[in-house]
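Containing mmCIF, C-alpha atoms: my_file27.cif.
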```
data_start
loop_
_atom_site.label_atom_id
_atom_site.label_comp_id
_atom_site.auth_asym_id
_atom_site.auth_seq_id
_atom_site.Cartn_x
_atom_site.Cartn_y
_atom_site.Cartn_z
CA MET A 1 -169.52 -8.53 -15.02
CA ASN A 2 -172.86 -8.75 -16.78
CA ALA A 3 -172.05 -12.24 -18.03
CA ARG A 4 -171.23 -13.30 -14.47
CA ARG A 5 -174.53 -11.92 -13.19
CA THR A 6 -176.35 -13.74 -15.96
CA THR A 7 -174.61 -17.01 -15.04
CA VAL A 8 -175.50 -16.58 -11.35
CA GLY A 9 -179.09 -15.82 -12.31
CA TRP A 10 -179.32 -18.98 -14.36
CA HIS A 11 -177.85 -20.99 -11.47
CA LEU A 12 -180.43 -19.56 -9.08
CA LEU A 13 -183.17 -20.59 -11.51
CA LEU A 14 -181.82 -24.04 -12.33
CA ALA A 15 -180.87 -25.09 -8.79
CA PRO A 16 -184.50 -25.47 -7.58
CA LEU A 17 -185.40 -27.27 -10.81
CA THR A 18 -182.48 -29.66 -10.35
CA LEU A 19 -183.59 -30.35 -6.79
CA ALA A 20 -187.15 -30.98 -7.94
CA PHE A 21 -185.98 -33.51 -10.56
CA ALA A 22 -183.60 -35.18 -8.09
CA LEU A 23 -186.14 -35.62 -5.28
CA PRO A 24 -187.89 -38.67 -6.84
CA LEU A 25 -184.54 -40.41 -7.31
CA VAL A 26 -183.49 -39.62 -3.73
CA TRP A 27 -186.84 -40.87 -2.42
CA LEU A 28 -186.50 -44.04 -4.49
CA LEU A 29 -183.02 -44.73 -3.10
CA LEU A 30 -184.08 -44.05 0.50
CA SER A 31 -187.20 -46.20 0.15
CA SER A 32 -185.15 -49.11 -1.17
CA VAL A 33 -183.26 -49.30 2.14
CA MET A 34 -186.37 -48.94 4.32
CA SER A 35 -188.33 -51.76 5.83
CA ASP A 36 -191.84 -52.52 4.59
CA ALA A 37 -193.26 -51.15 7.83
CA GLU A 38 -191.53 -47.80 7.30
CA ILE A 39 -192.71 -47.55 3.70
CA ASN A 40 -196.32 -48.39 4.61
CA ARG A 41 -196.34 -45.98 7.57
CA PHE A 42 -198.72 -43.02 7.40
CA PRO A 43 -197.56 -40.34 7.22
CA PRO A 44 -194.65 -41.89 5.31
CA ALA A 45 -191.17 -41.84 6.80
CA LEU A 46 -188.84 -39.32 5.17
CA TRP A 47 -185.65 -40.97 6.42
CA PRO A 48 -184.97 -44.64 7.17
CA ASP A 49 -184.34 -45.62 10.80
CA GLY A 50 -181.52 -47.81 9.54
CA ILE A 51 -180.13 -49.48 6.43
CA HIS A 52 -182.37 -52.43 5.56
CA LEU A 53 -181.17 -54.50 2.61
CA GLY A 54 -183.96 -57.04 2.75
CA GLY A 55 -185.48 -55.72 -0.47
CA TYR A 56 -182.21 -56.13 -2.39
CA ARG A 57 -181.67 -59.62 -0.98
CA TYR A 58 -185.20 -60.59 -1.96
CA VAL A 59 -184.83 -59.25 -5.49
CA LEU A 60 -181.42 -60.76 -6.20
CA GLY A 61 -182.01 -64.04 -4.41
CA ASN A 62 -185.66 -65.01 -4.80
CA ALA A 63 -186.70 -63.45 -8.11
CA MET A 64 -185.50 -63.72 -11.71
CA PHE A 65 -183.95 -60.29 -11.66
CA PRO A 66 -180.41 -61.45 -12.50
CA ARG A 67 -181.73 -63.17 -15.66
CA TRP A 68 -183.82 -60.15 -16.61
CA PHE A 69 -180.86 -57.85 -16.01
CA LEU A 70 -178.69 -60.01 -18.28
CA ASN A 71 -181.37 -60.02 -21.01
CA SER A 72 -181.63 -56.22 -20.92
CA LEU A 73 -177.86 -55.90 -20.96
CA ILE A 74 -177.57 -58.19 -24.01
CA VAL A 75 -180.29 -56.37 -25.96
CA SER A 76 -178.96 -52.90 -25.09
CA THR A 77 -175.32 -53.77 -25.82
CA VAL A 78 -176.09 -55.28 -29.22
CA ALA A 79 -178.34 -52.32 -30.10
CA VAL A 80 -175.60 -49.84 -29.17
CA ALA A 81 -172.88 -51.67 -31.12
CA SER A 82 -175.01 -52.13 -34.24
CA ASN A 83 -176.24 -48.52 -34.24
CA LEU A 84 -172.68 -47.24 -33.93
CA LEU A 85 -171.54 -49.39 -36.85
CA PHE A 86 -174.49 -49.14 -39.24
CA GLY A 87 -175.34 -45.57 -38.22
CA ALA A 88 -171.79 -44.44 -38.96
CA LEU A 89 -171.77 -46.23 -42.32
CA GLY A 90 -175.12 -44.77 -43.35
CA GLY A 91 -174.34 -41.30 -42.02
CA TYR A 92 -171.02 -41.19 -43.85
CA ALA A 93 -172.67 -42.30 -47.09
CA PHE A 94 -175.27 -39.54 -46.90
CA ALA A 95 -172.72 -36.92 -45.82
CA ARG A 96 -169.92 -37.58 -48.31
CA MET A 97 -171.29 -39.65 -51.20
CA ARG A 98 -173.65 -38.52 -53.93
CA PHE A 99 -175.79 -41.15 -55.58
CA GLY A 100 -179.07 -41.18 -57.44
CA GLY A 101 -182.03 -40.63 -55.15
CA SER A 102 -179.89 -39.94 -52.07
CA ARG A 103 -181.97 -36.96 -51.00
CA LEU A 104 -185.19 -38.89 -51.54
CA VAL A 105 -183.92 -41.86 -49.53
CA LEU A 106 -182.75 -39.55 -46.76
CA GLY A 107 -186.12 -37.79 -46.69
CA LEU A 108 -188.03 -41.06 -46.55
CA MET A 109 -185.78 -42.32 -43.78
CA LEU A 110 -186.28 -39.17 -41.73
CA ALA A 111 -190.03 -39.35 -42.33
CA THR A 112 -190.11 -42.68 -40.51
CA MET A 113 -189.00 -40.88 -37.34
CA VAL A 114 -192.43 -39.24 -37.03
CA VAL A 115 -194.37 -42.47 -37.54
CA PRO A 116 -195.81 -43.65 -34.20
CA PHE A 117 -194.76 -47.05 -32.95
CA GLN A 118 -198.41 -48.13 -32.83
CA LEU A 119 -198.57 -47.99 -36.65
CA THR A 120 -195.51 -50.20 -37.17
CA MET A 121 -196.16 -52.56 -34.28
CA ILE A 122 -198.26 -55.12 -36.18
CA PRO A 123 -196.05 -55.24 -39.33
CA THR A 124 -192.96 -55.60 -37.13
CA PHE A 125 -194.60 -58.40 -35.18
CA LEU A 126 -195.53 -60.23 -38.40
CA VAL A 127 -191.97 -59.91 -39.72
CA MET A 128 -190.52 -61.22 -36.47
CA LYS A 129 -193.02 -64.08 -36.50
CA TRP A 130 -192.07 -64.95 -40.09
CA LEU A 131 -188.42 -64.99 -39.03
CA GLY A 132 -189.27 -67.25 -36.09
CA LEU A 133 -187.94 -64.78 -33.52
CA ILE A 134 -191.06 -64.21 -31.41
CA ASP A 135 -190.47 -64.97 -27.72
CA THR A 136 -186.69 -64.71 -28.17
CA LEU A 137 -184.23 -61.91 -27.58
CA GLY A 138 -183.78 -61.73 -31.34
CA ALA A 139 -187.24 -60.17 -31.62
CA LEU A 140 -185.99 -57.30 -29.45
CA ILE A 141 -182.60 -56.97 -31.13
CA VAL A 142 -183.40 -57.08 -34.86
CA PRO A 143 -185.82 -54.09 -35.00
CA SER A 144 -183.29 -51.91 -33.16
CA LEU A 145 -180.14 -52.82 -35.13
CA VAL A 146 -180.11 -49.34 -36.70
CA THR A 147 -182.32 -46.29 -36.23
CA PRO A 148 -182.91 -43.29 -38.49
CA PHE A 149 -181.84 -40.99 -35.67
CA ALA A 150 -178.40 -42.60 -35.48
CA VAL A 151 -177.88 -42.24 -39.23
CA PHE A 152 -179.09 -38.63 -39.19
CA LEU A 153 -176.94 -37.61 -36.22
CA PHE A 154 -173.82 -39.13 -37.77
CA ARG A 155 -174.61 -37.43 -41.09
CA GLN A 156 -174.92 -34.05 -39.41
CA PHE A 157 -171.69 -34.49 -37.50
CA PHE A 158 -169.73 -35.73 -40.54
CA ARG A 159 -170.93 -32.74 -42.56
CA SER A 160 -169.39 -30.44 -39.94
CA LEU A 161 -165.92 -31.99 -40.39
CA PRO A 162 -163.50 -30.53 -42.96
CA ARG A 163 -162.82 -32.64 -46.05
CA GLU A 164 -159.12 -31.86 -46.36
CA MET A 165 -157.84 -34.79 -44.31
CA GLU A 166 -160.13 -37.21 -46.10
CA GLU A 167 -159.04 -35.94 -49.51
CA ALA A 168 -155.39 -36.31 -48.53
CA ALA A 169 -156.04 -39.91 -47.49
CA TRP A 170 -157.82 -40.63 -50.78
CA ILE A 171 -154.81 -39.28 -52.69
CA ASP A 172 -152.60 -41.67 -50.69
CA GLY A 173 -154.77 -44.57 -51.86
CA CYS A 174 -156.99 -45.15 -48.82
CA SER A 175 -160.42 -46.59 -49.44
CA ARG A 176 -163.56 -44.90 -48.13
CA LEU A 177 -163.94 -47.51 -45.39
CA ARG A 178 -160.39 -47.00 -44.20
CA VAL A 179 -160.86 -43.24 -44.24
CA LEU A 180 -164.04 -43.64 -42.19
CA PHE A 181 -162.59 -45.96 -39.56
CA SER A 182 -159.07 -44.51 -39.37
CA ILE A 183 -159.67 -40.77 -39.75
CA VAL A 184 -163.31 -39.76 -39.44
CA LEU A 185 -164.54 -41.90 -36.55
CA PRO A 186 -161.68 -40.95 -34.18
CA LEU A 187 -162.81 -37.34 -34.67
CA ALA A 188 -166.46 -38.27 -34.11
CA ARG A 189 -166.23 -39.30 -30.47
CA PRO A 190 -168.96 -36.84 -29.38
CA ALA A 191 -171.36 -38.28 -31.96
CA LEU A 192 -170.40 -41.84 -31.02
CA ALA A 193 -171.04 -41.14 -27.35
CA THR A 194 -174.36 -39.45 -28.06
CA VAL A 195 -175.66 -42.28 -30.23
CA ALA A 196 -174.43 -44.84 -27.71
CA VAL A 197 -176.14 -43.16 -24.76
CA LEU A 198 -179.45 -42.46 -26.50
CA THR A 199 -179.59 -45.96 -28.00
CA PHE A 200 -178.81 -47.52 -24.64
CA LEU A 201 -181.52 -45.47 -22.92
CA THR A 202 -184.09 -46.39 -25.55
CA ALA A 203 -183.29 -50.10 -25.56
CA TRP A 204 -182.94 -50.35 -21.79
CA ASN A 205 -186.20 -48.51 -21.01
CA ASP A 206 -188.34 -50.06 -23.74
CA LEU A 207 -191.45 -51.75 -22.38
CA SER A 208 -194.14 -51.71 -25.06
CA TRP A 209 -192.33 -53.85 -27.66
CA PRO A 210 -191.07 -56.52 -25.21
CA LEU A 211 -194.58 -56.70 -23.80
CA ILE A 212 -195.81 -57.71 -27.27
CA ALA A 213 -192.94 -59.85 -28.51
CA ILE A 214 -192.03 -61.79 -25.34
CA ASN A 215 -194.26 -64.31 -23.60
CA HIS A 216 -192.00 -66.47 -21.44
CA ASP A 217 -190.59 -65.00 -18.24
CA THR A 218 -187.09 -66.33 -18.93
CA GLN A 219 -186.88 -63.95 -21.92
CA TYR A 220 -188.19 -60.90 -20.07
CA THR A 221 -186.16 -57.72 -20.06
CA LEU A 222 -185.70 -55.84 -16.81
CA GLN A 223 -188.47 -53.35 -17.55
CA LEU A 224 -190.98 -56.06 -18.42
CA GLY A 225 -189.93 -58.23 -15.51
CA LEU A 226 -190.16 -55.29 -13.11
CA THR A 227 -193.70 -54.54 -14.27
CA THR A 228 -194.89 -58.09 -13.64
CA PHE A 229 -192.87 -58.29 -10.42
CA GLN A 230 -194.47 -55.13 -9.11
CA GLY A 231 -197.92 -56.46 -9.90
CA GLN A 232 -197.25 -59.71 -8.08
CA HIS A 233 -195.48 -58.19 -5.06
CA HIS A 234 -197.37 -54.95 -4.52
CA THR A 235 -197.28 -55.34 -0.72
CA LYS A 236 -193.48 -55.86 -0.52
CA TRP A 237 -192.57 -52.31 -1.47
CA SER A 238 -188.97 -52.57 -0.32
CA ALA A 239 -188.32 -55.21 -3.00
CA VAL A 240 -190.17 -53.13 -5.60
CA MET A 241 -188.09 -50.05 -4.75
CA ALA A 242 -184.87 -52.08 -4.81
CA GLY A 243 -185.79 -53.41 -8.24
CA ASN A 244 -186.38 -49.89 -9.50
CA VAL A 245 -182.99 -48.76 -8.19
CA ILE A 246 -181.27 -51.63 -10.00
CA THR A 247 -183.13 -50.64 -13.18
CA VAL A 248 -182.32 -46.93 -12.99
CA LEU A 249 -178.67 -47.22 -11.93
CA PRO A 250 -177.19 -48.27 -15.33
CA VAL A 251 -179.05 -45.44 -17.05
CA LEU A 252 -177.64 -42.83 -14.66
CA ILE A 253 -174.12 -44.21 -14.98
CA ALA A 254 -174.31 -44.20 -18.79
CA PHE A 255 -175.51 -40.60 -18.92
CA LEU A 256 -172.99 -39.29 -16.38
CA LEU A 257 -170.08 -40.92 -18.20
CA ALA A 258 -171.04 -39.37 -21.54
CA GLN A 259 -172.50 -36.06 -20.36
CA LYS A 260 -169.78 -33.77 -21.76
CA THR A 261 -169.53 -35.48 -25.14
CA PHE A 262 -173.32 -35.63 -25.32
CA VAL A 263 -173.66 -31.86 -25.02
CA GLN A 264 -170.70 -31.27 -27.35
CA SER A 265 -172.23 -33.43 -30.07
CA LEU A 266 -175.62 -31.73 -29.92
CA THR A 267 -174.06 -28.26 -30.13
CA SER A 268 -171.68 -29.14 -32.97
CA SER A 269 -173.95 -31.25 -35.17
CA GLY A 270 -177.40 -29.87 -34.59
CA ILE A 271 -176.87 -26.45 -36.15
CA LYS A 272 -175.96 -27.49 -39.68
CA GLY A 273 -178.40 -28.52 -42.39
#
```
Go ahead and render the structure in this file as structure tokens.
Amino acid sequence: MNARRTTVGWHLLLAPLTLAFALPLVWLLLSSVMSDAEINRFPPALWPDGIHLGGYRYVLGNAMFPRWFLNSLIVSTVAVASNLLFGALGGYAFARMRFGGSRLVLGLMLATMVVPFQLTMIPTFLVMKWLGLIDTLGALIVPSLVTPFAVFLFRQFFRSLPREMEEAAWIDGCSRLRVLFSIVLPLARPALATVAVLTFLTAWNDLSWPLIAINHDTQYTLQLGLTTFQGQHHTKWSAVMAGNVITVLPVLIAFLLAQKTFVQSLTSSGIKG
């Protein structure tokens, strides 16, 4: 009975907070189907008089949004795939293998997580320039191929798994790579989903690095293109709102699809050292 009262109390507390966080998204969606006159009205209209899709037609037909959307999708997809592969390999090595200097390497890797991007921005730019990748999607993909967070999260999750099945596979002659891909990774779906979602969010929403590495509008990501688009079309707010909806929608879908596994991974891997 007490547990039920506690749950109801938490719901009463969280419901207003959920509504407060959802209101900007609802207002964004409603504004995207308003006319420019309704958006510019004072006081502003709280509900559209009708469904106006002029902003969406303008964005998808007269701007470079489809190209920017494709660029963001390419960068985010490659970043997710590479972080799942390299993060799992690195995390498994730190969780199950003992080699000289492993703790030192792990500590140095984790220390890079607290280094601000502003300190690594210029060295990263110089490396990308030396590789000839500036003003290409490669300049956005290469620095995000693997992150310390992905390696650390996989390591924590692998350490929480029992070793018995792996040892049985080793006795049967399986290599470490086969054990990882055939036994360990199928059990690590929560960690895989968490790394995939967080990597996708980071790559999709990144603005500062594309702003530095990309110059030509054909290589813009959606975030960078939306920023310049908003500056050039500040009076056509319906198109700006429609562009924001298109930008936010993939992020919401990705989080909703992986919500359960996301929470499960954080609760199972975050408590062990």
Using all atoms listed in the file, find each residue of region 61-171 of chain A with at least one atom at most 8 Å away from an atom of region 187-198 of chain A; report its shortest atom-to-atom pair and that distance in Å (one decimal), sort the rows by chain and rising residue number, and return the result as CSV.
```
residue,atom,partner,partner_atom,distance
A:Val80,CA,A:Ala196,CA,5.3
A:Ala81,CA,A:Ala196,CA,7.8
A:Asn83,CA,A:Val195,CA,7.4
A:Leu84,CA,A:Leu192,CA,6.5
A:Ala150,CA,A:Val195,CA,5.9
A:Leu153,CA,A:Ala191,CA,7.1
A:Phe154,CA,A:Ala191,CA,6.4
A:Phe157,CA,A:Ala191,CA,6.7
A:Phe158,CA,A:Ala188,CA,7.6
```
- [ ] Please write as a list in words the full residue list that the PyMOL selection byres ((chain A and resi 33) around 6) yields on this file.
- [x]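 Selection result, ordered by chain and number: Leu30, Ser31, Ser32, Met34, Ile51, His52 and Leu53 of chain A.
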Open item on the list: Quick check, in Å to one decimal: how far apart do CA of Ile141 (chain A) and CA of Phe94 (chain A) lie?
Closed with: 24.6 Å
- [ ] Quick one: pull the distance between CA of Asp49 (chain A) and CA of Gly243 (chain A), Å, one decimal.
- [x] 20.6 Å
TODO: Go through A:Phe99, A:Phe181, A:Phe69, A:Gly61 and flag the residue nearest Asn205 (chain A), using only C-alpha atoms for the distances.
DONE: A:Phe69
Open item on the list: Report as a PyMOL selection string all protein, DNA and RNA residues lying within 12 Å of region 161-164 of chain A, evaluated on only C-alpha atoms, omitting residues in the same chain fewer than 5 positions from it.
Closed with: chain A and resi 92+95-96+154-156+169-171+179-180+183-188+191+268-269+272
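With only C-alpha atoms as the atoms that count, the minimum distance from Trp27 (chain A) to the choices A:Leu256, A:Met241, A:Met128, A:Ile214 is reached by A:Met241.
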TODO: Using only C-alpha atoms, find all polymer residues with an atom at most 8 Å away from the point (-193.1, -53.7, 1.4); report them as an MDAnalysis selection string.
DONE: chainID A and resid 35:37 39:40 234:240
- [ ] Could you tell me how far CA of Leu224 (chain A) lies from CA of Ala139 (chain A), in Å and to one decimal?
- [x] 14.3 Å
Task: Residues in the PyMOL selection byres ((chain A and resi 212) around 12), expressed as a ChimeraX atom specification - done: /A:118,121-122,124-126,128-129,134-136,139-140,206-211,213-216,220,224
TODO: Give me the result of the PyMOL selection byres ((chain A and resi 72) around 9) on this file, residue by residue, as a list in words.
DONE: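 Against this file, the PyMOL selection byres ((chain A and resi 72) around 9) returns the residues Arg67, Trp68, Phe69, Leu70, Asn71, Leu73, Ile74, Val75, Ser76, Thr77, Ala203, Trp204, Asn205, Tyr220, Thr221, Leu222 and Gln223 of chain A.
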Open item on the list: Show me, as a PyMOL selection string, the residues that have an atom within 8 Å of region 110-116 of chain A when counting all atoms listed in the file, minus same-chain residues fewer than 6 positions from it.
Closed with: chain A and resi 148-149+152
